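To start, the structure itself, in structure tokens.
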Amino acid sequence: MGLQSYIAERKRGKDILVMAHVVCGYPSFEENMQELEIMAEAGVDLVELQFPFSEPSADGPLFVHANEESLKAGTTIDQCFKFMAEVSARFPFKVLMMGYYNTAFKMGEERFVERVKEAGGVGYILPDLPVEEAVNLHRLSEEAGIEPIILMTPTSSDKRLAKLGLASRGMVYAVARKGVTGSKTNMGDDVLALIERCRQHTNMPIGVGFGISSKSDLDFLRGHADIAIVGTAALKIWKDEGAPGLKTFFAELMA
Amino acid sequence: MGLQSYIAERKRGKDILVMAHVVCGYPSFEENMQELEIMAEAGVDLVELQFPFSEPSADGPLFVHANEESLKAGTTIDQCFKFMAEVSARFPFKVLMMGYYNTAFKMGEERFVERVKEAGGVGYILPDLPVEEAVNLHRLSEEAGIEPIILMTPTSSDKRLAKLGLASRGMVYAVARKGVTGSKTNMGDDVLALIERCRQHTNMPIGVGFGISSKSDLDFLRGHADIAIVGTAALKIWKDEGAPGLKTFFAELMA
Amino acid sequence: MDIFDFSDGREGYYGEYGGVFLPEILQATIEELLECFRECKADPTFWQEYVALLQNYSGRPTPVTYLENLSRELGGAQIYVKRDDLNHTGSHKINNVMGQGLLTKRLGKKRVIAETGAGQHGFATATMAAKFGFDCKIYMGAVDVARQRPNVFWMENLGAEVIAVEDGQKTLKDAVNECMRDWVTNMADTHYILGTACGPHPFPEMVSWFQSIIGMEAREQILAQTGRLPNRVYACVGGGSNAMGLFQGFFDEPNIELVGCEAGGEGVGSYMHSARLAYDDASVGVAQGYKTYFLQNEEGNMNETHSVAAGLDYIGVNPIFAHLHDQGKVRFEAATDAEVKETLKLTMRTEGLIPALESTHGFVVALKEAATMSKDEIVLVNMSGRGDKDIFTIADALDDSKWKRFIEGKADQYRRERG
Amino acid sequence: MDIFDFSDGREGYYGEYGGVFLPEILQATIEELLECFRECKADPTFWQEYVALLQNYSGRPTPVTYLENLSRELGGAQIYVKRDDLNHTGSHKINNVMGQGLLTKRLGKKRVIAETGAGQHGFATATMAAKFGFDCKIYMGAVDVARQRPNVFWMENLGAEVIAVEDGQKTLKDAVNECMRDWVTNMADTHYILGTACGPHPFPEMVSWFQSIIGMEAREQILAQTGRLPNRVYACVGGGSNAMGLFQGFFDEPNIELVGCEAGGEGVGSYMHSARLAYDDASVGVAQGYKTYFLQNEEGNMNETHSVAAGLDYIGVNPIFAHLHDQGKVRFEAATDAEVKETLKLTMRTEGLIPALESTHGFVVALKEAATMSKDEIVLVNMSGRGDKDIFTIADALDDSKWKRFIEGKADQYRRERG
Ligand SMILES: Cc1ncc(COP(=O)(O)O)c(C=O)c1O
Ligand SMILES: Cc1ncc(COP(=O)(O)O)c(C=O)c1O
């Protein structure tokens, strides 16, 4: 089942889905697994597994640190894929690879698609790969039946959104604001306008990410977006308050 | 009695005269007086009293230090002249003012000549005042009956020596070598040649200075120069060994 | 050859290198930039204004100096040096910065950001921002902040905010990442003054264009002084902007050998260097917005790099050079830290020139090769910057005990004053 | 007016100032120098060689920069700056030094000595000596060694021996005395590269002649840029060489006001300054080989002088200025240390220029007066040097805590390494 139909199906039961995020190997694969357990229990629908990269230039401080520490601890791509395989086998949610293009480029795009697929991933998010540069990768993905998640942003022109819309598969990642991951986004008319504009250019479900951290954010998005994407907020809680904190966080978020 | 005739008279009894040097106010006027006592006792014929100046650029390290310390201790020109008056009244040797031209220039050349004269000085040595710049001062000195001591040097051309010879009065100061006061001069043919060249251009008695420090230097000059000028060597002894040292030094020097 | 004629290929690509690999959020910004740059490049008055600005503010044209003593002592080729060290702020970086300053004005932006390694680019940017009245933030790896403190001091006093980047290796590449993070947040009013011919298109082309003034001048000057063109032309290669600048004066000459001089650090096999093309340790990858040779591991994570010269201590190289290297049109050599120190001493004492540690890499290779060439040959080396900024590094490298005692005395004074 | 036409007066005298007051032992040397200088001055190929050397080695002509921001902010006269800071080694001192280098070669001498205050003249001399292959010894007051350490470091690395002079006030004047002492010993093979338009004839004339290149260029440049001559021309005055250099371009214009800017230190009445002509504390005297206004007491001993700028911290002033001051042809003003610090900050932030502390004295007076002038008037200021060398002094003056912490860290590192 493709990502789009998975989302459609999950949405039958709820008015908004939740996509969560972990950085593979940070603080450790064991802790990743504990986080994912909690997320699964809370009913998270999708998870991005970020493959650490040495130059995470689209990430904010917490994820930058996470990428760095994970690499320092020796995390390899093999481990990440192995972890992805375990996770997708074990949990009901669907898993996406998230990372930077060089990870795919260096192993070869064909091999990359193959490995995501083999590990049970339904797609990938490569924030530094513009559609122009993704033609081949998208073709390979289509052949393999995994989805390249396209990002749409508040700065994208209509012309650009049209182009992005054409390339969109599975879902669209709407970037709620300028900036890197991590800091709080003020949920307001801007976000709604963005979702509106995205809808004009794609029929895919729309996830909204960047700075989503609370039930009120979710409530705000309900009825507008299909998916709320929660990244840094969860990692921060895990770091500060561990498993009990994360449990409460997701319980409250998805209440 | 003018300097020239004083020298001629003193030379009747000895084949070489000795001119000594103190820096006024260094280490103190009291010590200056003690040094001069010893010099007088030893039979020194002439003494230069150096008026301290802040920019003693023709002096070597020991005299530079002496100039500086004397000024720091508050030595004034009045004190120097007063000291000169005492010294010339008290001792048999003749006294010359030695210093830099600015001392004379600032008080006015006329006043300068007057004050040297009043203090019993028979002349002055201003090493930074070339003859071209000394026309007025020399005229005033002539009128007052004191002598401007001209320096002749190994680098002076014959033409230059001729000019210097014309201006010479009282005695000539032959600078034994290049450099500043203080370091040892090797007594040899160069010095003899210099004296020889000086003699061709002046009838004045010739004193040889710069680096003279021992009886053997004196012996070397005997029969060639009229006066041996002893500067730094005596100060160094005074500093290192005090009155007994200086006594021995002059006793040996003039033995 | 016009490497910037993309009509047969993909815009912004040099062979397989270059491109734009940026987050979607920056797409509009980079398009706006490209458009503005195309306008500027097509507008001859822009270039005239640019040249006039550099003449009146930075002292261009910089001269070409004949190294009479070294040429004689080495007994080989006649050595000439292009003196971009004489620029205001002390390096070629000001050329690019002034050009982008004019462009920032055209874009209607009021704030500039820049990464810096040696601090020369940051110094130049802070200077330009002061002159143009822009707000200015400079990102600099914490390691570089420590080794190039004089430049940091000046940047701050010129009114720039300097951020010591504590991520990653804390050097140039990490400063680039921080710039990207700032830019994706503030692109509306902010232009990113990239400091070298790297990064996403149009930066490699744009920076090369501004720096081409070096080569245009040098070509004319060496012709005027010697009546002919040089046999070989040398420049150090960090990102590659000074080298691109100089080489562009000589690209069309099939008989002139162009030699890029990279940071050999502790030497081949040490893995403590920044030689992307001269050694075999780099491979093609995509990072920091573009595709080129990077010093990276098999998984595409960047390796630690090293050079005594902060401005060469970088993982990537300009994509144009990656292509010209493939084509054999530019030869790449490396100079080690140890060679750099020796050559710096030699150059100071023999010619009275103090090249920046970066520039000295070009001298190392040029002097070595000049010695083997014939007396009627000519080599031209780029002195991309002056070494004043390197005083702490050079004093350490030369183990200068008087300097150390002076610093210790100063530190004691500061501690005393603080009580 | 040709101030150097001595046919009606005494050679080497400007009114009652100037002359030669040297020990007899140097008379032949100074005559030889005068003769050689007269030959050079009469030989047009010498000047051509001189200009070519400065062009190819030092980057002349230096530009004239319009200070658009400061002119606008102050709302008065249009402010232009002559950029001698862009010279190789960072100041106008190189002009004189290269000229005297050529002359040293003509004299057949192989060794040079020089005094230095700010270190710029010593740096320039060490550089010239490296280029010409001369042995080189630099005398520098111990106080100046401490406050201008970067320059000392470079001098030593250029191969010069730097002697810290511990006599007197341990500043510039004491370094001059030490030079004299060296010179009277070693004149046979040694030329004394005097660094400013002071000292015995022919130095004031000779140094002024070499520096006149500044004014020649500036006159042409300001005409080309503005279509007219400036209303007022400003330069700082230590010994007076950069000011003489610039002013010579404008001496013959009765409507141009020439303003020499001295070091006011802690201000009028403080006796902690180096203002010989702007304040009333100096009187005519003879020292260091020439007659001029000196800061001296009634007995002719020199007073302590003070300036935040080592290169202005000097007792005397060039005799030509003493004369032109008497005649009312040059006006003298003073800038205090405090004003200098403020103006330096302003200039850095507003125009991206970092004038040397010495040069900043000219800026202080020029900016103050420009503000009171009309918008269609023009002032020209000499930026005789760049402030890089002053980093320690400026950091102290601005009480820069990051800099201090950096220095303390470095000191700790050195102590640790020594074990
Ligand atoms: C003086 C100098 N030269 C060279 C470089 C290297 O940069 P690029 O290769 O872009 O010229 C730098 C970088 O900071 C530099 O400061
Ligand atoms: C930059 C600079 N400007 C000015 C001066 C003052 O000298 P002068 O008055 O001879 O130009 C100095 C002296 O060291 C200097 O370094």
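Simple scheme: letters A, B, ... for chains in structure tokens order, numbers from 1 for residues in each chain, numbers from 1 for ligands in the order shown.
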9 Å contacts from chain A to chain C using only C-alpha atoms, as a PDB file with C-alpha atoms, in the first residue's frame:
```
ATOM      1  CA  PRO A  52      22.837  11.545  10.425  1.00  0.00           C
ATOM      2  CA  PHE A  53      24.908  13.719   8.127  1.00  0.00           C
ATOM      3  CA  SER A  54      27.984  15.779   8.879  1.00  0.00           C
ATOM      4  CA  GLU A  55      26.593  18.955   7.251  1.00  0.00           C
ATOM      5  CA  PRO A  56      22.981  19.215   8.390  1.00  0.00           C
ATOM      6  CA  SER A  57      22.566  22.777   7.154  1.00  0.00           C
ATOM      7  CA  ALA A  58      18.767  22.764   7.152  1.00  0.00           C
ATOM      8  CA  ASP A  59      18.557  21.674  10.782  1.00  0.00           C
ATOM      9  CA  GLY A  60      18.357  23.697  13.948  1.00  0.00           C
ATOM     10  CA  PRO A  61      20.730  23.419  16.902  1.00  0.00           C
ATOM     11  CA  VAL A  64      22.589  19.558  14.477  1.00  0.00           C
ATOM     12  CA  HIS A  65      23.875  18.368  17.785  1.00  0.00           C
ATOM     13  CA  GLU A  68      26.985  15.277  15.208  1.00  0.00           C
ATOM     14  CA  LEU A  71      28.208  10.297  13.898  1.00  0.00           C
ATOM     15  CA  THR A  76      26.763   4.002   9.993  1.00  0.00           C
ATOM     16  CA  ILE A  77      24.305   3.906   7.138  1.00  0.00           C
ATOM     17  CA  TYR A 100      20.570  14.882   3.127  1.00  0.00           C
ATOM     18  CA  TYR A 101      21.061  14.116  -0.506  1.00  0.00           C
ATOM     19  CA  ASN A 102      24.730  13.238  -0.217  1.00  0.00           C
ATOM     20  CA  THR A 103      23.810  10.076   1.650  1.00  0.00           C
ATOM     21  CA  ALA A 104      21.832   8.914  -1.365  1.00  0.00           C
ATOM     22  CA  PHE A 105      24.265  10.312  -3.900  1.00  0.00           C
ATOM     23  CA  LYS A 106      27.304   8.599  -2.462  1.00  0.00           C
ATOM     24  CA  MET A 107      25.739   5.151  -2.351  1.00  0.00           C
ATOM     25  CA  LEU A 126      15.810  14.972   1.306  1.00  0.00           C
ATOM     26  CA  PRO A 127      15.443  18.651   2.096  1.00  0.00           C
ATOM     27  CA  ASP A 128      18.481  19.757   0.107  1.00  0.00           C
ATOM     28  CA  LEU A 129      17.439  18.064  -3.115  1.00  0.00           C
ATOM     29  CA  PRO A 130      15.411  20.367  -5.340  1.00  0.00           C
ATOM     30  CA  VAL A 131      13.048  18.789  -7.880  1.00  0.00           C
ATOM     31  CA  GLU A 132      15.280  19.822 -10.760  1.00  0.00           C
ATOM     32  CA  GLU A 133      18.038  17.654  -9.406  1.00  0.00           C
ATOM     33  CA  ILE A 150       8.249  17.099  -1.823  1.00  0.00           C
ATOM     34  CA  LEU A 151       8.529  20.179   0.360  1.00  0.00           C
ATOM     35  CA  MET A 152       6.404  23.243  -0.297  1.00  0.00           C
ATOM     36  CA  THR A 153       7.238  26.500   1.444  1.00  0.00           C
ATOM     37  CA  PRO A 154       5.845  29.953   2.121  1.00  0.00           C
ATOM     38  CA  THR A 155       8.428  31.459  -0.227  1.00  0.00           C
ATOM     39  CA  SER A 156       7.544  29.207  -3.166  1.00  0.00           C
ATOM     40  CA  SER A 157       5.892  31.109  -6.020  1.00  0.00           C
ATOM     41  CA  ARG A 160       7.067  26.919  -8.382  1.00  0.00           C
ATOM     42  CA  VAL A 175       7.217  23.969   5.702  1.00  0.00           C
ATOM     43  CA  ARG A 177       7.794  28.999   8.129  1.00  0.00           C
ATOM     44  CA  LYS A 178      11.209  30.174   7.100  1.00  0.00           C
ATOM     45  CA  GLY A 179      14.152  28.957   9.083  1.00  0.00           C
ATOM     46  CA  VAL A 180      15.554  25.712  10.290  1.00  0.00           C
TER      47      VAL A 180
END
```
Counting only C-alpha atoms, which residues from chain D have an atom at most 6 Å from any atom of chain C, and could you show them as a PDB file with C-alpha atoms, in the first residue's frame?
```
ATOM      1  CA  ASN D  56      55.647  47.760  -8.802  1.00  0.00           C
ATOM      2  CA  TYR D  57      56.514  46.995  -5.219  1.00  0.00           C
ATOM      3  CA  GLY D  59      51.184  49.625  -5.108  1.00  0.00           C
ATOM      4  CA  THR D  62      47.381  54.939  -3.727  1.00  0.00           C
ATOM      5  CA  PRO D  63      43.815  56.106  -4.333  1.00  0.00           C
ATOM      6  CA  VAL D  64      41.788  58.972  -2.984  1.00  0.00           C
ATOM      7  CA  THR D  65      38.595  57.708  -1.335  1.00  0.00           C
ATOM      8  CA  THR D 127      61.400  45.389   4.230  1.00  0.00           C
ATOM      9  CA  ALA D 130      65.391  42.559   2.683  1.00  0.00           C
ATOM     10  CA  LYS D 131      64.625  43.598  -0.860  1.00  0.00           C
ATOM     11  CA  LEU D 158      62.258  40.288   7.770  1.00  0.00           C
ATOM     12  CA  GLY D 159      65.799  39.811   8.975  1.00  0.00           C
ATOM     13  CA  MET D 348      35.742  52.139  11.325  1.00  0.00           C
ATOM     14  CA  ARG D 349      31.997  51.794  11.633  1.00  0.00           C
ATOM     15  CA  THR D 350      30.970  54.425   9.176  1.00  0.00           C
ATOM     16  CA  GLU D 351      33.443  53.983   6.349  1.00  0.00           C
ATOM     17  CA  GLY D 352      35.148  50.644   6.893  1.00  0.00           C
ATOM     18  CA  ILE D 407      45.531  37.010  25.061  1.00  0.00           C
ATOM     19  CA  GLU D 408      45.261  35.425  28.474  1.00  0.00           C
ATOM     20  CA  ALA D 411      49.639  33.156  27.496  1.00  0.00           C
TER      21      ALA D 411
END
```
Return as JSON, numbers by chain every polymer residue, whether protein, DNA or RNA, with at least one atom no more than 7 Å from an atom of ligand 2; count only C-alpha atoms and all ligand atoms. {"D": [91, 92, 93, 116, 117, 118, 119, 120, 121, 195, 196, 197, 236, 237, 238, 239, 240, 241, 242, 243, 310, 311, 312, 356, 358, 359, 384, 385, 386]}
CA of Val365 (chain C) sits from atom 8 (P, counted along the ligand's line) of ligand 1 at a separation of 16.3 Å
Which of region 87-201 of chain A fall in helix (DSSP H, G or I), as a CSV table (one decimal) with N, CA, C and O atoms, in the first residue's frame:
```csv
chain,number,residue,atom,x,y,z
A,87,VAL,N,12.4,-1.3,12.7
A,87,VAL,CA,11.3,-0.5,13.1
A,87,VAL,C,10.0,-0.7,12.3
A,87,VAL,O,8.9,-0.8,12.8
A,88,SER,N,10.3,-0.8,10.9
A,88,SER,CA,9.1,-0.9,10.1
A,88,SER,C,8.4,-2.3,10.3
A,88,SER,O,7.2,-2.5,10.1
A,89,ALA,N,9.2,-3.3,10.7
A,89,ALA,CA,8.7,-4.6,11.0
A,89,ALA,C,7.9,-4.6,12.3
A,89,ALA,O,6.8,-5.2,12.4
A,90,ARG,N,8.3,-3.8,13.2
A,90,ARG,CA,7.8,-3.9,14.6
A,90,ARG,C,6.6,-3.1,14.8
A,90,ARG,O,5.7,-3.5,15.6
A,101,TYR,N,20.9,14.8,0.8
A,101,TYR,CA,21.1,14.1,-0.5
A,101,TYR,C,22.4,13.4,-0.6
A,101,TYR,O,22.4,12.3,-1.3
A,102,ASN,N,23.4,13.9,0.0
A,102,ASN,CA,24.7,13.2,-0.2
A,102,ASN,C,24.7,11.8,0.2
A,102,ASN,O,25.5,11.0,-0.3
A,103,THR,N,23.9,11.5,1.2
A,103,THR,CA,23.8,10.1,1.6
A,103,THR,C,23.3,9.2,0.5
A,103,THR,O,23.9,8.1,0.3
A,104,ALA,N,22.3,9.7,-0.2
A,104,ALA,CA,21.8,8.9,-1.4
A,104,ALA,C,22.8,8.9,-2.5
A,104,ALA,O,23.1,7.9,-3.2
A,105,PHE,N,23.4,10.1,-2.8
A,105,PHE,CA,24.3,10.3,-3.9
A,105,PHE,C,25.5,9.4,-3.8
A,105,PHE,O,25.9,8.8,-4.8
A,106,LYS,N,26.1,9.4,-2.6
A,106,LYS,CA,27.3,8.6,-2.5
A,106,LYS,C,27.1,7.1,-2.6
A,106,LYS,O,28.0,6.4,-3.1
A,107,MET,N,25.9,6.6,-2.2
A,107,MET,CA,25.7,5.2,-2.4
A,107,MET,C,25.2,4.8,-3.7
A,107,MET,O,25.2,3.7,-4.2
A,109,GLU,N,22.0,6.4,-6.5
A,109,GLU,CA,20.6,6.6,-6.3
A,109,GLU,C,19.8,5.3,-6.4
A,109,GLU,O,18.9,5.1,-5.6
A,110,GLU,N,20.2,4.4,-7.3
A,110,GLU,CA,19.5,3.2,-7.5
A,110,GLU,C,19.6,2.3,-6.2
A,110,GLU,O,18.6,1.8,-5.7
A,111,ARG,N,20.8,2.2,-5.7
A,111,ARG,CA,21.0,1.5,-4.5
A,111,ARG,C,20.3,2.1,-3.3
A,111,ARG,O,19.7,1.4,-2.5
A,112,PHE,N,20.2,3.4,-3.3
A,112,PHE,CA,19.5,4.1,-2.2
A,112,PHE,C,18.0,3.7,-2.2
A,112,PHE,O,17.5,3.3,-1.1
A,113,VAL,N,17.4,3.8,-3.3
A,113,VAL,CA,16.0,3.5,-3.5
A,113,VAL,C,15.8,2.0,-3.0
A,113,VAL,O,14.9,1.7,-2.2
A,114,GLU,N,16.6,1.2,-3.5
A,114,GLU,CA,16.5,-0.2,-3.2
A,114,GLU,C,16.6,-0.5,-1.7
A,114,GLU,O,15.8,-1.2,-1.1
A,115,ARG,N,17.5,0.2,-1.0
A,115,ARG,CA,17.7,0.0,0.4
A,115,ARG,C,16.6,0.5,1.2
A,115,ARG,O,16.2,-0.1,2.2
A,116,VAL,N,16.1,1.7,0.8
A,116,VAL,CA,14.9,2.2,1.6
A,116,VAL,C,13.8,1.2,1.5
A,116,VAL,O,13.1,0.9,2.5
A,117,LYS,N,13.6,0.8,0.3
A,117,LYS,CA,12.5,-0.2,0.0
A,117,LYS,C,12.7,-1.4,0.8
A,117,LYS,O,11.8,-1.9,1.6
A,118,GLU,N,13.9,-2.0,0.8
A,118,GLU,CA,14.2,-3.2,1.5
A,118,GLU,C,14.0,-3.1,3.0
A,118,GLU,O,13.6,-4.0,3.7
A,131,VAL,N,13.7,19.7,-6.9
A,131,VAL,CA,13.0,18.8,-7.9
A,131,VAL,C,13.9,18.7,-9.2
A,131,VAL,O,13.9,17.6,-9.8
A,132,GLU,N,14.5,19.8,-9.5
A,132,GLU,CA,15.3,19.8,-10.8
A,132,GLU,C,16.4,18.8,-10.7
A,132,GLU,O,16.8,18.2,-11.8
A,133,GLU,N,16.9,18.6,-9.5
A,133,GLU,CA,18.0,17.7,-9.4
A,133,GLU,C,17.6,16.2,-9.1
A,133,GLU,O,18.4,15.3,-9.0
A,135,VAL,N,15.2,14.4,-10.8
A,135,VAL,CA,14.5,13.7,-11.9
A,135,VAL,C,14.7,12.2,-11.9
A,135,VAL,O,13.8,11.3,-11.9
A,136,ASN,N,16.0,11.8,-11.9
A,136,ASN,CA,16.4,10.4,-12.0
A,136,ASN,C,15.9,9.7,-10.7
A,136,ASN,O,15.4,8.6,-10.8
A,137,LEU,N,16.2,10.3,-9.6
A,137,LEU,CA,15.8,9.6,-8.3
A,137,LEU,C,14.3,9.4,-8.2
A,137,LEU,O,13.9,8.4,-7.8
A,138,HIS,N,13.6,10.4,-8.7
A,138,HIS,CA,12.1,10.2,-8.6
A,138,HIS,C,11.7,9.1,-9.6
A,138,HIS,O,10.8,8.3,-9.3
A,139,ARG,N,12.3,9.0,-10.7
A,139,ARG,CA,11.9,8.0,-11.7
A,139,ARG,C,12.2,6.6,-11.0
A,139,ARG,O,11.4,5.7,-11.0
A,140,LEU,N,13.4,6.5,-10.4
A,140,LEU,CA,13.7,5.2,-9.8
A,140,LEU,C,12.8,4.9,-8.7
A,140,LEU,O,12.4,3.7,-8.5
A,141,SER,N,12.4,5.9,-7.9
A,141,SER,CA,11.5,5.7,-6.8
A,141,SER,C,10.1,5.2,-7.3
A,141,SER,O,9.5,4.3,-6.7
A,142,GLU,N,9.7,5.9,-8.3
A,142,GLU,CA,8.4,5.5,-8.9
A,142,GLU,C,8.4,4.0,-9.3
A,142,GLU,O,7.5,3.2,-9.0
A,143,GLU,N,9.5,3.6,-10.0
A,143,GLU,CA,9.7,2.2,-10.4
A,143,GLU,C,9.6,1.3,-9.2
A,143,GLU,O,9.1,0.2,-9.2
A,144,ALA,N,10.3,1.7,-8.1
A,144,ALA,CA,10.3,0.9,-6.9
A,144,ALA,C,9.1,1.0,-6.1
A,144,ALA,O,8.9,0.2,-5.1
A,158,ASP,N,3.8,30.7,-7.0
A,158,ASP,CA,2.7,29.8,-7.6
A,158,ASP,C,3.3,28.9,-8.7
A,158,ASP,O,3.0,27.7,-8.8
A,159,LYS,N,4.1,29.5,-9.5
A,159,LYS,CA,4.7,28.8,-10.6
A,159,LYS,C,5.5,27.6,-10.0
A,159,LYS,O,5.4,26.5,-10.5
A,160,ARG,N,6.2,27.9,-9.0
A,160,ARG,CA,7.1,26.9,-8.4
A,160,ARG,C,6.2,25.8,-7.7
A,160,ARG,O,6.5,24.6,-7.9
A,161,LEU,N,5.1,26.2,-7.0
A,161,LEU,CA,4.2,25.3,-6.4
A,161,LEU,C,3.6,24.4,-7.4
A,161,LEU,O,3.5,23.2,-7.2
A,162,ALA,N,3.3,24.9,-8.6
A,162,ALA,CA,2.7,24.1,-9.6
A,162,ALA,C,3.7,23.0,-10.0
A,162,ALA,O,3.4,21.8,-10.2
A,163,LYS,N,5.0,23.4,-10.2
A,163,LYS,CA,6.0,22.4,-10.6
A,163,LYS,C,6.2,21.4,-9.5
A,163,LYS,O,6.3,20.2,-9.7
A,164,LEU,N,6.2,21.9,-8.2
A,164,LEU,CA,6.4,20.9,-7.1
A,164,LEU,C,5.2,20.0,-7.0
A,164,LEU,O,5.3,18.8,-6.7
A,165,GLY,N,4.0,20.6,-7.3
A,165,GLY,CA,2.8,19.8,-7.2
A,165,GLY,C,2.8,18.6,-8.2
A,165,GLY,O,2.5,17.5,-7.9
A,166,LEU,N,3.3,18.9,-9.4
A,166,LEU,CA,3.4,17.9,-10.4
A,166,LEU,C,4.3,16.7,-9.9
A,166,LEU,O,4.1,15.6,-10.3
A,167,ALA,N,5.4,17.1,-9.2
A,167,ALA,CA,6.3,16.0,-8.8
A,167,ALA,C,5.9,15.4,-7.5
A,167,ALA,O,6.5,14.4,-7.0
A,189,ASP,N,-2.7,32.8,10.5
A,189,ASP,CA,-3.3,32.9,9.1
A,189,ASP,C,-2.2,32.5,8.0
A,189,ASP,O,-2.5,31.9,7.0
A,190,ASP,N,-1.0,32.8,8.3
A,190,ASP,CA,0.1,32.5,7.3
A,190,ASP,C,0.1,31.0,7.0
A,190,ASP,O,0.3,30.6,5.9
A,191,VAL,N,0.0,30.2,8.1
A,191,VAL,CA,0.1,28.7,8.0
A,191,VAL,C,-1.2,28.3,7.2
A,191,VAL,O,-1.0,27.4,6.2
A,192,LEU,N,-2.3,28.8,7.5
A,192,LEU,CA,-3.5,28.4,6.8
A,192,LEU,C,-3.4,28.8,5.3
A,192,LEU,O,-3.8,28.0,4.4
A,193,ALA,N,-2.9,30.0,5.1
A,193,ALA,CA,-2.8,30.4,3.7
A,193,ALA,C,-1.8,29.5,2.9
A,193,ALA,O,-2.0,29.2,1.7
A,194,LEU,N,-0.8,29.1,3.6
A,194,LEU,CA,0.2,28.2,2.9
A,194,LEU,C,-0.5,26.9,2.6
A,194,LEU,O,-0.4,26.4,1.4
A,195,ILE,N,-1.2,26.3,3.5
A,195,ILE,CA,-1.9,25.0,3.3
A,195,ILE,C,-2.8,25.2,2.1
A,195,ILE,O,-2.9,24.4,1.1
A,196,GLU,N,-3.5,26.3,2.1
A,196,GLU,CA,-4.5,26.7,1.0
A,196,GLU,C,-3.7,26.7,-0.3
A,196,GLU,O,-4.2,26.1,-1.3
A,197,ARG,N,-2.6,27.3,-0.4
A,197,ARG,CA,-1.9,27.5,-1.6
A,197,ARG,C,-1.4,26.1,-2.0
A,197,ARG,O,-1.4,25.8,-3.2
A,198,CYS,N,-0.9,25.3,-1.1
A,198,CYS,CA,-0.4,23.9,-1.4
A,198,CYS,C,-1.6,23.1,-2.1
A,198,CYS,O,-1.4,22.5,-3.1
A,199,ARG,N,-2.7,23.2,-1.5
A,199,ARG,CA,-3.9,22.4,-2.0
A,199,ARG,C,-4.2,22.7,-3.4
A,199,ARG,O,-4.7,21.9,-4.2
A,200,GLN,N,-3.9,24.0,-3.8
A,200,GLN,CA,-4.2,24.4,-5.2
A,200,GLN,C,-3.3,23.7,-6.1
A,200,GLN,O,-3.6,23.7,-7.3
A,201,HIS,N,-2.2,23.2,-5.7
A,201,HIS,CA,-1.2,22.6,-6.6
A,201,HIS,C,-1.0,21.1,-6.4
A,201,HIS,O,-0.1,20.6,-7.1
```
As a check of understanding: the span from CA of Ile212 (chain B) to CA of Met98 (chain B) is 17.5 Å
>> If DSSP is run on the backbone, what residues of region 66-154 of chain C are strand (DSSP E)? A reply as a list in words would be ideal.
In response: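 Output for region 66-154 of chain C, strand (DSSP E) only: Tyr66, Gln78, Ile79, Tyr80, Val81, Lys82, Arg83, Arg111, Val112, Ile113, Ala114, Glu115, Thr116, Asp135, Cys136, Lys137, Ile138, Tyr139, Met140 and Gly141 of chain C.
Across the structure, CA of Ala142 (chain D) and CA of Phe210 (chain D) are spaced 28.6 Å apart.
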Quiz item: Which residues, written as a PyMOL selection string, have at least one atom at most 12 Å from Glu41 (chain A), with only C-alpha atoms counted and residues fewer than 6 positions away on the same chain left out?
Solution: chain A and resi 34-35+91-93+246-248+250-251+254
- Task: Excluding Lys170 (chain D) and any residue of its chain fewer than 5 positions from it, enumerate the residues within 6 Å of it, using only C-alpha atoms, and give them as a list in words.
- Result: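 With the cut-off at 6 Å, the set is Gly141, Ala142, Val143 and Val165 of chain D.
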**Message:** Let me make sure I understand: among C:Gly328, C:Gly245, C:Gly75, C:Gly264, which one has the smallest atom-to-atom distance to ligand 1 if we use only C-alpha atoms and all ligand atoms?
**Reply:**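 Nearest candidate to ligand 1 out of C:Gly328, C:Gly245, C:Gly75, C:Gly264: C:Gly245.
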